[in-house]
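Student: What follows is protein.tsv, made up of TSV, C-alpha atoms:
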```tsv
chain	number	residue	atom	x	y	z
A	1477	MET	CA	-17.98	-122.54	-242.50
A	1478	PRO	CA	-16.17	-119.73	-244.36
A	1479	TYR	CA	-13.15	-118.21	-242.68
A	1480	ILE	CA	-13.08	-114.46	-242.13
A	1481	PRO	CA	-9.70	-113.01	-241.12
A	1482	PRO	CA	-9.71	-111.21	-237.74
A	1483	SER	CA	-8.44	-108.07	-239.49
A	1484	VAL	CA	-11.61	-107.97	-241.61
A	1485	VAL	CA	-13.80	-108.40	-238.53
A	1486	ARG	CA	-11.97	-105.57	-236.77
A	1487	GLU	CA	-12.41	-103.30	-239.78
A	1488	VAL	CA	-16.10	-104.14	-240.10
A	1489	LYS	CA	-16.69	-103.34	-236.42
A	1490	ARG	CA	-15.30	-99.84	-237.00
A	1491	MET	CA	-18.20	-98.84	-239.23
A	1492	ASP	CA	-20.86	-96.89	-237.35
A	1493	LEU	CA	-24.52	-97.09	-238.33
A	1494	LEU	CA	-24.75	-93.55	-239.72
A	1495	THR	CA	-21.85	-94.22	-242.09
A	1496	TYR	CA	-23.36	-97.54	-243.17
A	1497	LEU	CA	-26.79	-96.08	-243.96
A	1498	LYS	CA	-25.33	-93.01	-245.66
A	1499	ASN	CA	-23.18	-95.15	-247.96
A	1500	TYR	CA	-25.25	-98.27	-248.62
A	1501	GLU	CA	-28.88	-97.62	-247.64
A	1502	PRO	CA	-29.42	-93.85	-248.01
A	1503	TYR	CA	-33.13	-94.42	-248.68
A	1504	GLU	CA	-33.45	-95.66	-245.09
A	1505	LEU	CA	-31.78	-92.64	-243.46
A	1506	VAL	CA	-33.99	-89.78	-242.29
A	1507	HIS	CA	-32.90	-86.60	-240.53
A	1508	PHE	CA	-34.87	-86.24	-237.29
A	1509	PHE	CA	-33.47	-83.00	-235.84
A	1510	GLY	CA	-30.09	-81.50	-235.00
A	1511	ASN	CA	-27.51	-84.30	-235.17
A	1512	THR	CA	-30.11	-87.02	-234.59
A	1513	TYR	CA	-31.26	-89.38	-237.35
A	1514	THR	CA	-33.84	-92.14	-237.62
A	1515	THR	CA	-34.75	-94.79	-240.20
A	1516	ARG	CA	-37.67	-95.00	-242.57
A	1517	THR	CA	-38.57	-98.53	-241.43
A	1518	HIS	CA	-38.22	-97.98	-237.67
A	1519	ASP	CA	-39.00	-94.41	-236.61
A	1520	SER	CA	-38.36	-95.24	-232.94
A	1521	LEU	CA	-34.73	-96.04	-233.78
A	1522	LYS	CA	-32.58	-92.95	-233.19
A	1523	ILE	CA	-28.94	-92.43	-234.22
A	1524	SER	CA	-26.88	-89.81	-232.39
A	1525	ASN	CA	-23.36	-89.21	-231.07
A	1526	GLY	CA	-21.95	-92.36	-232.66
A	1527	LYS	CA	-24.56	-94.61	-231.06
A	1528	TRP	CA	-28.03	-95.87	-231.94
A	1529	MET	CA	-31.00	-96.85	-229.81
A	1530	TRP	CA	-34.14	-98.72	-230.87
A	1531	TRP	CA	-36.41	-97.37	-228.17
A	1532	SER	CA	-39.49	-99.49	-228.88
A	1533	GLN	CA	-37.40	-102.68	-228.46
A	1534	ARG	CA	-35.11	-101.37	-225.69
A	1535	THR	CA	-31.96	-102.34	-227.53
A	1536	GLY	CA	-29.10	-100.37	-229.02
A	1537	GLY	CA	-25.46	-100.36	-230.02
A	1538	ARG	CA	-22.70	-98.46	-231.74
A	1539	SER	CA	-21.79	-100.19	-234.98
A	1540	ALA	CA	-23.52	-101.10	-238.21
A	1541	LEU	CA	-22.70	-104.70	-237.27
A	1542	ASP	CA	-24.80	-104.37	-234.10
A	1543	TYR	CA	-27.66	-102.94	-236.17
A	1544	LEU	CA	-27.64	-105.74	-238.75
A	1545	ILE	CA	-27.69	-108.38	-236.01
A	1546	LYS	CA	-30.11	-106.82	-233.50
A	1547	VAL	CA	-32.49	-105.05	-235.88
A	1548	ARG	CA	-32.22	-106.77	-239.23
A	1549	GLY	CA	-31.90	-110.29	-237.82
A	1550	TYR	CA	-28.64	-111.32	-239.52
A	1551	SER	CA	-26.32	-113.82	-237.87
A	1552	PHE	CA	-22.89	-112.54	-236.88
A	1553	LEU	CA	-21.27	-114.28	-239.83
A	1554	GLU	CA	-23.88	-113.05	-242.32
A	1555	ALA	CA	-23.56	-109.47	-241.06
A	1556	VAL	CA	-19.76	-109.50	-241.27
A	1557	GLU	CA	-19.86	-110.95	-244.80
A	1558	LEU	CA	-22.40	-108.35	-245.94
A	1559	LEU	CA	-20.41	-105.42	-244.57
A	1560	ALA	CA	-17.12	-106.76	-245.89
A	1561	GLU	CA	-18.58	-107.33	-249.33
A	1562	ARG	CA	-20.15	-103.89	-249.58
A	1563	ALA	CA	-17.03	-102.15	-248.28
A	1564	ASN	CA	-14.88	-104.05	-250.77
A	1565	ILE	CA	-17.08	-103.06	-253.71
A	1566	GLN	CA	-17.61	-99.49	-252.52
A	1567	PRO	CA	-15.26	-98.29	-249.77
A	1568	PRO	CA	-17.29	-96.31	-247.21
A	1569	LEU	CA	-16.96	-92.58	-246.90
A	1570	PHE	CA	-17.12	-91.93	-243.17
A	1571	VAL	CA	-19.52	-89.09	-242.46
A	1572	SER	CA	-20.03	-86.65	-239.65
A	1573	GLU	CA	-23.32	-86.42	-237.77
A	1574	ASN	CA	-23.16	-82.68	-238.35
A	1575	VAL	CA	-23.43	-83.02	-242.13
A	1576	PRO	CA	-26.79	-81.39	-242.99
A	1577	MET	CA	-29.35	-83.58	-244.71
A	1578	GLU	CA	-32.65	-82.68	-246.27
A	1579	LYS	CA	-35.48	-83.24	-243.80
A	1580	GLN	CA	-37.82	-86.01	-244.95
A	1581	LEU	CA	-41.35	-86.34	-243.62
A	1582	LEU	CA	-42.33	-89.79	-242.34
A	1583	LEU	CA	-46.11	-89.91	-242.53
A	1584	PRO	CA	-47.92	-92.68	-240.62
A	1585	ARG	CA	-49.28	-95.36	-242.92
A	1586	LYS	CA	-52.89	-94.73	-243.97
A	1587	ASN	CA	-55.71	-96.97	-242.82
A	1588	GLN	CA	-57.98	-98.57	-245.41
A	1589	ASP	CA	-60.83	-96.30	-244.33
A	1590	ASN	CA	-61.37	-93.19	-242.21
A	1591	GLN	CA	-64.42	-94.26	-240.23
A	1592	LYS	CA	-62.95	-93.59	-236.77
A	1593	VAL	CA	-61.65	-90.18	-237.84
A	1594	ILE	CA	-65.01	-89.24	-239.35
A	1595	ALA	CA	-66.81	-90.29	-236.16
A	1596	TYR	CA	-64.27	-88.40	-234.01
A	1597	LEU	CA	-64.54	-85.16	-235.96
A	1598	SER	CA	-68.32	-85.42	-236.13
A	1599	GLU	CA	-68.46	-85.84	-232.34
A	1600	ARG	CA	-66.37	-82.66	-232.06
A	1601	GLY	CA	-69.07	-80.85	-234.02
A	1602	ILE	CA	-67.19	-80.45	-237.29
A	1603	ASP	CA	-69.39	-80.03	-240.37
A	1604	ASN	CA	-69.57	-83.16	-242.54
A	1605	GLU	CA	-68.84	-81.29	-245.79
A	1606	ILE	CA	-65.70	-79.81	-244.25
A	1607	ILE	CA	-64.64	-83.26	-243.04
A	1608	GLN	CA	-65.09	-84.69	-246.53
A	1609	PHE	CA	-63.10	-81.82	-248.05
A	1610	CYS	CA	-60.20	-82.49	-245.70
A	1611	LEU	CA	-60.25	-86.24	-246.42
A	1612	GLU	CA	-60.48	-85.83	-250.20
A	1613	SER	CA	-57.72	-83.21	-250.30
A	1614	GLY	CA	-55.39	-85.38	-248.19
A	1615	ARG	CA	-55.32	-82.90	-245.32
A	1616	VAL	CA	-56.75	-85.41	-242.85
A	1617	TYR	CA	-56.66	-89.21	-242.66
A	1618	GLU	CA	-56.71	-92.12	-240.21
A	1619	SER	CA	-53.45	-93.89	-239.42
A	1620	GLU	CA	-53.31	-97.66	-239.80
A	1621	PHE	CA	-51.72	-99.01	-236.63
A	1622	HIS	CA	-53.00	-96.74	-233.85
A	1623	HIS	CA	-56.01	-95.25	-235.70
A	1624	ASN	CA	-54.94	-91.72	-234.83
A	1625	THR	CA	-56.11	-88.61	-236.64
A	1626	VAL	CA	-53.37	-87.20	-238.88
A	1627	PHE	CA	-53.59	-83.52	-239.84
A	1628	VAL	CA	-51.28	-82.83	-242.79
A	1629	GLY	CA	-49.65	-79.49	-243.60
A	1630	MET	CA	-48.72	-78.91	-247.24
A	1631	ASP	CA	-46.55	-76.54	-249.26
A	1632	GLU	CA	-47.83	-74.31	-252.07
A	1633	LYS	CA	-47.67	-77.26	-254.49
A	1634	GLY	CA	-49.73	-79.54	-252.26
A	1635	ASN	CA	-46.80	-81.65	-251.10
A	1636	PRO	CA	-47.01	-82.92	-247.48
A	1637	LYS	CA	-44.43	-81.21	-245.27
A	1638	TYR	CA	-45.87	-81.49	-241.77
A	1639	ALA	CA	-48.22	-83.75	-239.82
A	1640	ALA	CA	-49.83	-83.30	-236.42
A	1641	ILE	CA	-51.05	-86.56	-234.88
A	1642	ARG	CA	-53.90	-86.72	-232.36
A	1643	GLY	CA	-55.16	-89.83	-230.60
A	1644	ILE	CA	-58.79	-90.88	-230.80
A	1645	GLY	CA	-60.04	-91.78	-227.34
A	1646	THR	CA	-56.55	-91.19	-225.91
A	1647	SER	CA	-54.55	-88.17	-224.82
A	1648	PHE	CA	-51.77	-88.82	-227.35
A	1649	ILE	CA	-50.46	-85.72	-229.12
A	1650	GLY	CA	-47.44	-85.79	-231.42
A	1651	GLU	CA	-45.88	-84.88	-234.73
A	1652	ALA	CA	-44.64	-87.08	-237.55
A	1653	ASN	CA	-40.86	-87.45	-237.77
A	1654	GLY	CA	-39.36	-84.94	-240.18
A	1655	SER	CA	-42.20	-82.43	-239.83
A	1656	ASP	CA	-41.38	-78.90	-240.97
A	1657	LYS	CA	-43.18	-76.43	-238.71
A	1658	ASN	CA	-43.10	-73.84	-241.49
A	1659	TYR	CA	-46.01	-75.72	-243.07
A	1660	SER	CA	-48.85	-76.13	-240.60
A	1661	PHE	CA	-52.25	-77.67	-241.19
A	1662	SER	CA	-54.31	-75.08	-243.09
A	1663	ILE	CA	-57.36	-74.38	-245.23
A	1664	PHE	CA	-57.33	-71.64	-247.82
A	1665	THR	CA	-60.16	-69.40	-248.99
A	1666	GLU	CA	-61.34	-69.64	-252.57
A	1667	LYS	CA	-61.09	-65.89	-253.08
A	1668	PRO	CA	-58.05	-63.70	-252.36
A	1669	ASN	CA	-58.04	-62.47	-248.77
A	1670	ASP	CA	-55.64	-60.31	-246.77
A	1671	THR	CA	-56.62	-61.88	-243.43
A	1672	VAL	CA	-54.92	-64.83	-241.77
A	1673	HIS	CA	-56.56	-66.69	-238.88
A	1674	LEU	CA	-54.22	-68.54	-236.53
A	1675	PHE	CA	-55.36	-71.32	-234.21
A	1676	GLU	CA	-53.81	-73.37	-231.45
A	1677	SER	CA	-54.86	-76.66	-233.02
A	1678	ALA	CA	-56.33	-78.19	-236.16
A	1679	ILE	CA	-59.62	-78.86	-234.34
A	1680	ASP	CA	-59.90	-75.15	-233.51
A	1681	LEU	CA	-59.46	-74.29	-237.19
A	1682	LEU	CA	-62.10	-76.80	-238.27
A	1683	SER	CA	-64.47	-75.56	-235.57
A	1684	TYR	CA	-64.07	-71.99	-236.82
A	1685	ALA	CA	-64.70	-73.13	-240.40
A	1686	THR	CA	-67.86	-74.90	-239.21
A	1687	LEU	CA	-69.09	-71.72	-237.49
A	1688	GLN	CA	-68.38	-69.73	-240.63
A	1689	LYS	CA	-70.48	-72.14	-242.68
A	1690	LEU	CA	-73.33	-72.03	-240.16
A	1691	GLU	CA	-73.38	-68.25	-240.57
A	1692	GLY	CA	-73.60	-68.61	-244.33
A	1693	LYS	CA	-70.02	-67.54	-244.95
A	1694	GLU	CA	-67.23	-69.29	-246.86
```
Just dump the structure as structure tokens.
Tutor:
Amino acid sequence: MPYIPPSVVREVKRMDLLTYLKNYEPYELVHFFGNTYTTRTHDSLKISNGKWMWWSQRTGGRSALDYLIKVRGYSFLEAVELLAERANIQPPLFVSENVPMEKQLLLPRKNQDNQKVIAYLSERGIDNEIIQFCLESGRVYESEFHHNTVFVGMDEKGNPKYAAIRGIGTSFIGEANGSDKNYSFSIFTEKPNDTVHLFESAIDLLSYATLQKLEGKE
């Protein structure tokens, strides 16, 4: 068994999870809101005030060492060796939780089909052509794990920036981590128009669009 000096173990234990992810796995780090962060792999894991908590598993800790052992499944020795090696090659730059980071949208994974979403929207009275438009344009899809309806808000270039999530057959209502409320779910007219219609929910918008179509309007 390899010997690791106690001084190395003490130094490794000093590294908090935010510093570790910022330095060595920046692709995993996602700004949630304020001084709270989450990870791309586990969106129920929140990092704040020098601590982290994996809410879905009811476990948490302070250090990157705790994270590698409890979340990533490393043994104590493996985790210490990994941190020591990375810190030796690239000394960590300790970061503050208040350092602003670009908000990244974490969209739920898409299901292979959208059958439950199509059935749900049809039951709500939404026109089939409008449903198909939303699916084909990426504005609406069915999530893989919970089969929720995901309503996507996009910027002017068609890039997803926001997602409202609604349960099918449940009362669940939520938003995807990293959602930017400046970009809500929307449908644009084909011709220039100086009128904006605002709705409380995506279903209300789609219902209005359906009524417009029934009246022979765009």
Student: What is the distance, in Å and to one decimal place, between CA of Arg1615 (chain A) and CA of Ala1639 (chain A)?
Tutor: 9.0 Å
Student: So what do you get for CA of Gly1654 (chain A) versus CA of Ile1606 (chain A), distance-wise?
Tutor: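 Atom-to-atom, CA of Gly1654 (chain A) to CA of Ile1606 (chain A), that is 27.1 Å.
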Student: Taking all atoms listed in the file into account, name the residue in A:Phe1648, A:Phe1661, A:Tyr1596, A:Tyr1684 that is nearest to Gly1614 (chain A).
Tutor: A:Phe1661
Student: Mind checking which residues fall within 8 Å of region 1523-1537 of chain A, counting all atoms listed in the file, ignoring those fewer than 6 positions away in the same chain, and posting them as a ChimeraX atom specification?
Tutor: /A:1492-1494,1511-1514,1543,1546,1573
Student: Pick the closest to Asp1519 (chain A) from A:Gly1645, A:Lys1592, A:Val1556, A:Glu1651: which is it, counting all atoms listed in the file?
Tutor: A:Glu1651
Student: Expressed in Å to a single decimal, how great is the separation between CA of Glu1605 (chain A) and CA of Val1593 (chain A)?
Tutor: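 Spanning CA of Glu1605 (chain A) to CA of Val1593 (chain A) is a straight-line distance of 13.9 Å.
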Student: Please write out, as AutoDock Vina command-line options, where the centre of an axis-aligned box around all listed atoms of region 1543-1558 of chain A lies and how long its edges are, in Å to one decimal, after adding 5 Å on each side.
Tutor:
```
--center_x -26.1 --center_y -108.6 --center_z -239.7 --size_x 22.7 --size_y 21.3 --size_z 22.4
```
Student: Using all atoms listed in the file, which of A:Phe1508, A:Tyr1503, A:Phe1675, A:Phe1621 sits nearest Lys1522 (chain A)?
Tutor: A:Phe1508
Student: Using only C-alpha atoms for the distances, tell me which of A:Val1672, A:Leu1521, A:Val1485, A:Val1628 is nearest to Leu1581 (chain A).
Tutor: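 Ranking A:Val1672, A:Leu1521, A:Val1485, A:Val1628 by distance to Leu1581 (chain A), first place goes to A:Val1628.
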Student: Can you pull out every residue within 10 Å of Glu1487 (chain A), counting only C-alpha atoms, but drop anything in the same chain fewer than 3 positions away, and send it as number ranges by chain?
Tutor: A: 1482-1484, 1490-1491, 1556, 1559-1560, 1563
Student: So which residues fall inside 10 Å of (-46.0, -82.5, -245.4) if we count all atoms listed in the file? Mind giving them as a list of chain:residue names?
Tutor: A:Gln1580, A:Leu1581, A:Leu1582, A:Leu1583, A:Arg1615, A:Phe1627, A:Val1628, A:Gly1629, A:Met1630, A:Asp1631, A:Gly1634, A:Asn1635, A:Pro1636, A:Lys1637, A:Tyr1638, A:Ala1639, A:Ala1640, A:Ala1652, A:Gly1654, A:Ser1655, A:Asp1656, A:Lys1657, A:Asn1658, A:Tyr1659, A:Ser1660, A:Phe1661
Student: Export C-alpha atoms of the chosen residues as a short mmCIF file (atom, residue, chain, number, x, y, z; two decimals), keeping the file's coordinate frame?
Tutor:
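To be explicit, this is the file written out as selection-v3.cif:
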```
data_model
loop_
_atom_site.label_atom_id
_atom_site.label_comp_id
_atom_site.auth_asym_id
_atom_site.auth_seq_id
_atom_site.Cartn_x
_atom_site.Cartn_y
_atom_site.Cartn_z
CA GLN A 1580 -37.82 -86.01 -244.95
CA LEU A 1581 -41.35 -86.34 -243.62
CA LEU A 1582 -42.33 -89.79 -242.34
CA LEU A 1583 -46.11 -89.91 -242.53
CA ARG A 1615 -55.32 -82.90 -245.32
CA PHE A 1627 -53.59 -83.52 -239.84
CA VAL A 1628 -51.28 -82.83 -242.79
CA GLY A 1629 -49.65 -79.49 -243.60
CA MET A 1630 -48.72 -78.91 -247.24
CA ASP A 1631 -46.55 -76.54 -249.26
CA GLY A 1634 -49.73 -79.54 -252.26
CA ASN A 1635 -46.80 -81.65 -251.10
CA PRO A 1636 -47.01 -82.92 -247.48
CA LYS A 1637 -44.43 -81.21 -245.27
CA TYR A 1638 -45.87 -81.49 -241.77
CA ALA A 1639 -48.22 -83.75 -239.82
CA ALA A 1640 -49.83 -83.30 -236.42
CA ALA A 1652 -44.64 -87.08 -237.55
CA GLY A 1654 -39.36 -84.94 -240.18
CA SER A 1655 -42.20 -82.43 -239.83
CA ASP A 1656 -41.38 -78.90 -240.97
CA LYS A 1657 -43.18 -76.43 -238.71
CA ASN A 1658 -43.10 -73.84 -241.49
CA TYR A 1659 -46.01 -75.72 -243.07
CA SER A 1660 -48.85 -76.13 -240.60
CA PHE A 1661 -52.25 -77.67 -241.19
#
```
Student: Between A:Thr1686, A:Glu1504, A:Leu1541, A:Leu1611, which one has atoms that come closest to His1518 (chain A), using all atoms listed in the file?
Tutor: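 Looking only at the distances to His1518 (chain A), the closest residue turns out to be A:Glu1504.
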Student: Measuring between all atoms listed in the file, which one of A:Thr1625, A:Thr1646, A:Asn1590, A:Gln1608 shows the shortest distance to Ala1678 (chain A)?
Tutor: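 Counting all atoms listed in the file, the residue closest to Ala1678 (chain A) is A:Thr1625.
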Student: Compute the distance from (-30.6, -93.9, -248.7) to each atom, counting only C-alpha atoms, keep the residues with any atom at most 12 Å away, and return them as a PyMOL selection string; use the coordinates of the file.
Tutor: chain A and resi 1494-1507+1514-1517+1577-1578+1580
Student: For the residues selected in the previous step, produce a file with C-alpha atoms as a JSON list (two decimals), in the frame of the given file.
Tutor:
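What ended up in again_2.json:
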```
[["chain", "number", "residue", "atom", "x", "y", "z"],
["A", 1494, "LEU", "CA", -24.75, -93.55, -239.72],
["A", 1495, "THR", "CA", -21.85, -94.22, -242.09],
["A", 1496, "TYR", "CA", -23.36, -97.54, -243.17],
["A", 1497, "LEU", "CA", -26.79, -96.08, -243.96],
["A", 1498, "LYS", "CA", -25.33, -93.01, -245.66],
["A", 1499, "ASN", "CA", -23.18, -95.15, -247.96],
["A", 1500, "TYR", "CA", -25.25, -98.27, -248.62],
["A", 1501, "GLU", "CA", -28.88, -97.62, -247.64],
["A", 1502, "PRO", "CA", -29.42, -93.85, -248.01],
["A", 1503, "TYR", "CA", -33.13, -94.42, -248.68],
["A", 1504, "GLU", "CA", -33.45, -95.66, -245.09],
["A", 1505, "LEU", "CA", -31.78, -92.64, -243.46],
["A", 1506, "VAL", "CA", -33.99, -89.78, -242.29],
["A", 1507, "HIS", "CA", -32.90, -86.60, -240.53],
["A", 1514, "THR", "CA", -33.84, -92.14, -237.62],
["A", 1515, "THR", "CA", -34.75, -94.79, -240.20],
["A", 1516, "ARG", "CA", -37.67, -95.00, -242.57],
["A", 1517, "THR", "CA", -38.57, -98.53, -241.43],
["A", 1577, "MET", "CA", -29.35, -83.58, -244.71],
["A", 1578, "GLU", "CA", -32.65, -82.68, -246.27],
["A", 1580, "GLN", "CA", -37.82, -86.01, -244.95]]
```
Student: Restrict the output to region 1629-1644 of chain A and N, CA, C and O atoms, then write it as a JSON list (two decimals), in the first residue's frame.
Tutor:
```json
[["chain", "number", "residue", "atom", "x", "y", "z"],
["A", 1629, "GLY", "N", -37.60, 28.06, -23.71],
["A", 1629, "GLY", "CA", -37.51, 29.44, -24.17],
["A", 1629, "GLY", "C", -36.18, 29.66, -24.86],
["A", 1629, "GLY", "O", -35.14, 29.16, -24.38],
["A", 1630, "MET", "N", -36.19, 30.36, -25.98],
["A", 1630, "MET", "CA", -34.97, 30.53, -26.77],
["A", 1630, "MET", "C", -34.63, 32.00, -26.98],
["A", 1630, "MET", "O", -35.49, 32.88, -26.87],
["A", 1631, "ASP", "N", -33.34, 32.25, -27.30],
["A", 1631, "ASP", "CA", -32.94, 33.61, -27.63],
["A", 1631, "ASP", "C", -33.21, 33.87, -29.11],
["A", 1631, "ASP", "O", -33.77, 33.02, -29.82],
["A", 1632, "GLU", "N", -32.78, 35.05, -29.59],
["A", 1632, "GLU", "CA", -33.08, 35.42, -30.98],
["A", 1632, "GLU", "C", -32.39, 34.53, -32.00],
["A", 1632, "GLU", "O", -32.79, 34.49, -33.17],
["A", 1633, "LYS", "N", -31.37, 33.77, -31.56],
["A", 1633, "LYS", "CA", -30.68, 32.86, -32.47],
["A", 1633, "LYS", "C", -31.19, 31.43, -32.38],
["A", 1633, "LYS", "O", -30.67, 30.53, -33.03],
["A", 1634, "GLY", "N", -32.21, 31.21, -31.55],
["A", 1634, "GLY", "CA", -32.77, 29.88, -31.40],
["A", 1634, "GLY", "C", -32.04, 29.00, -30.41],
["A", 1634, "GLY", "O", -32.24, 27.79, -30.39],
["A", 1635, "ASN", "N", -31.20, 29.61, -29.57],
["A", 1635, "ASN", "CA", -30.47, 28.85, -28.55],
["A", 1635, "ASN", "C", -31.31, 28.73, -27.28],
["A", 1635, "ASN", "O", -31.83, 29.74, -26.80],
["A", 1636, "PRO", "N", -31.46, 27.53, -26.71],
["A", 1636, "PRO", "CA", -32.24, 27.37, -25.47],
["A", 1636, "PRO", "C", -31.63, 28.18, -24.33],
["A", 1636, "PRO", "O", -30.42, 28.12, -24.09],
["A", 1637, "LYS", "N", -32.47, 28.92, -23.62],
["A", 1637, "LYS", "CA", -32.02, 29.74, -22.50],
["A", 1637, "LYS", "C", -32.86, 29.52, -21.25],
["A", 1637, "LYS", "O", -32.46, 29.91, -20.16],
["A", 1638, "TYR", "N", -34.03, 28.92, -21.44],
["A", 1638, "TYR", "CA", -34.97, 28.76, -20.32],
["A", 1638, "TYR", "C", -35.80, 27.51, -20.55],
["A", 1638, "TYR", "O", -36.03, 27.11, -21.70],
["A", 1639, "ALA", "N", -36.25, 26.88, -19.49],
["A", 1639, "ALA", "CA", -37.13, 25.72, -19.63],
["A", 1639, "ALA", "C", -38.08, 25.62, -18.44],
["A", 1639, "ALA", "O", -37.63, 25.55, -17.29],
["A", 1640, "ALA", "N", -39.37, 25.65, -18.73],
["A", 1640, "ALA", "CA", -40.40, 25.38, -17.73],
["A", 1640, "ALA", "C", -40.75, 23.91, -17.83],
["A", 1640, "ALA", "O", -40.88, 23.36, -18.91],
["A", 1641, "ILE", "N", -40.88, 23.25, -16.68],
["A", 1641, "ILE", "CA", -41.15, 21.82, -16.64],
["A", 1641, "ILE", "C", -42.48, 21.58, -15.95],
["A", 1641, "ILE", "O", -42.72, 22.08, -14.84],
["A", 1642, "ARG", "N", -43.36, 20.82, -16.60],
["A", 1642, "ARG", "CA", -44.69, 20.53, -16.05],
["A", 1642, "ARG", "C", -44.92, 19.02, -16.05],
["A", 1642, "ARG", "O", -44.69, 18.34, -17.05],
["A", 1643, "GLY", "N", -45.37, 18.50, -14.92],
["A", 1643, "GLY", "CA", -45.63, 17.08, -14.81],
["A", 1643, "GLY", "C", -46.86, 16.66, -15.62],
["A", 1643, "GLY", "O", -47.78, 17.45, -15.82],
["A", 1644, "ILE", "N", -46.84, 15.44, -16.09],
["A", 1644, "ILE", "CA", -47.99, 14.86, -16.78],
["A", 1644, "ILE", "C", -48.66, 13.89, -15.81],
["A", 1644, "ILE", "O", -48.07, 12.90, -15.41]]
```
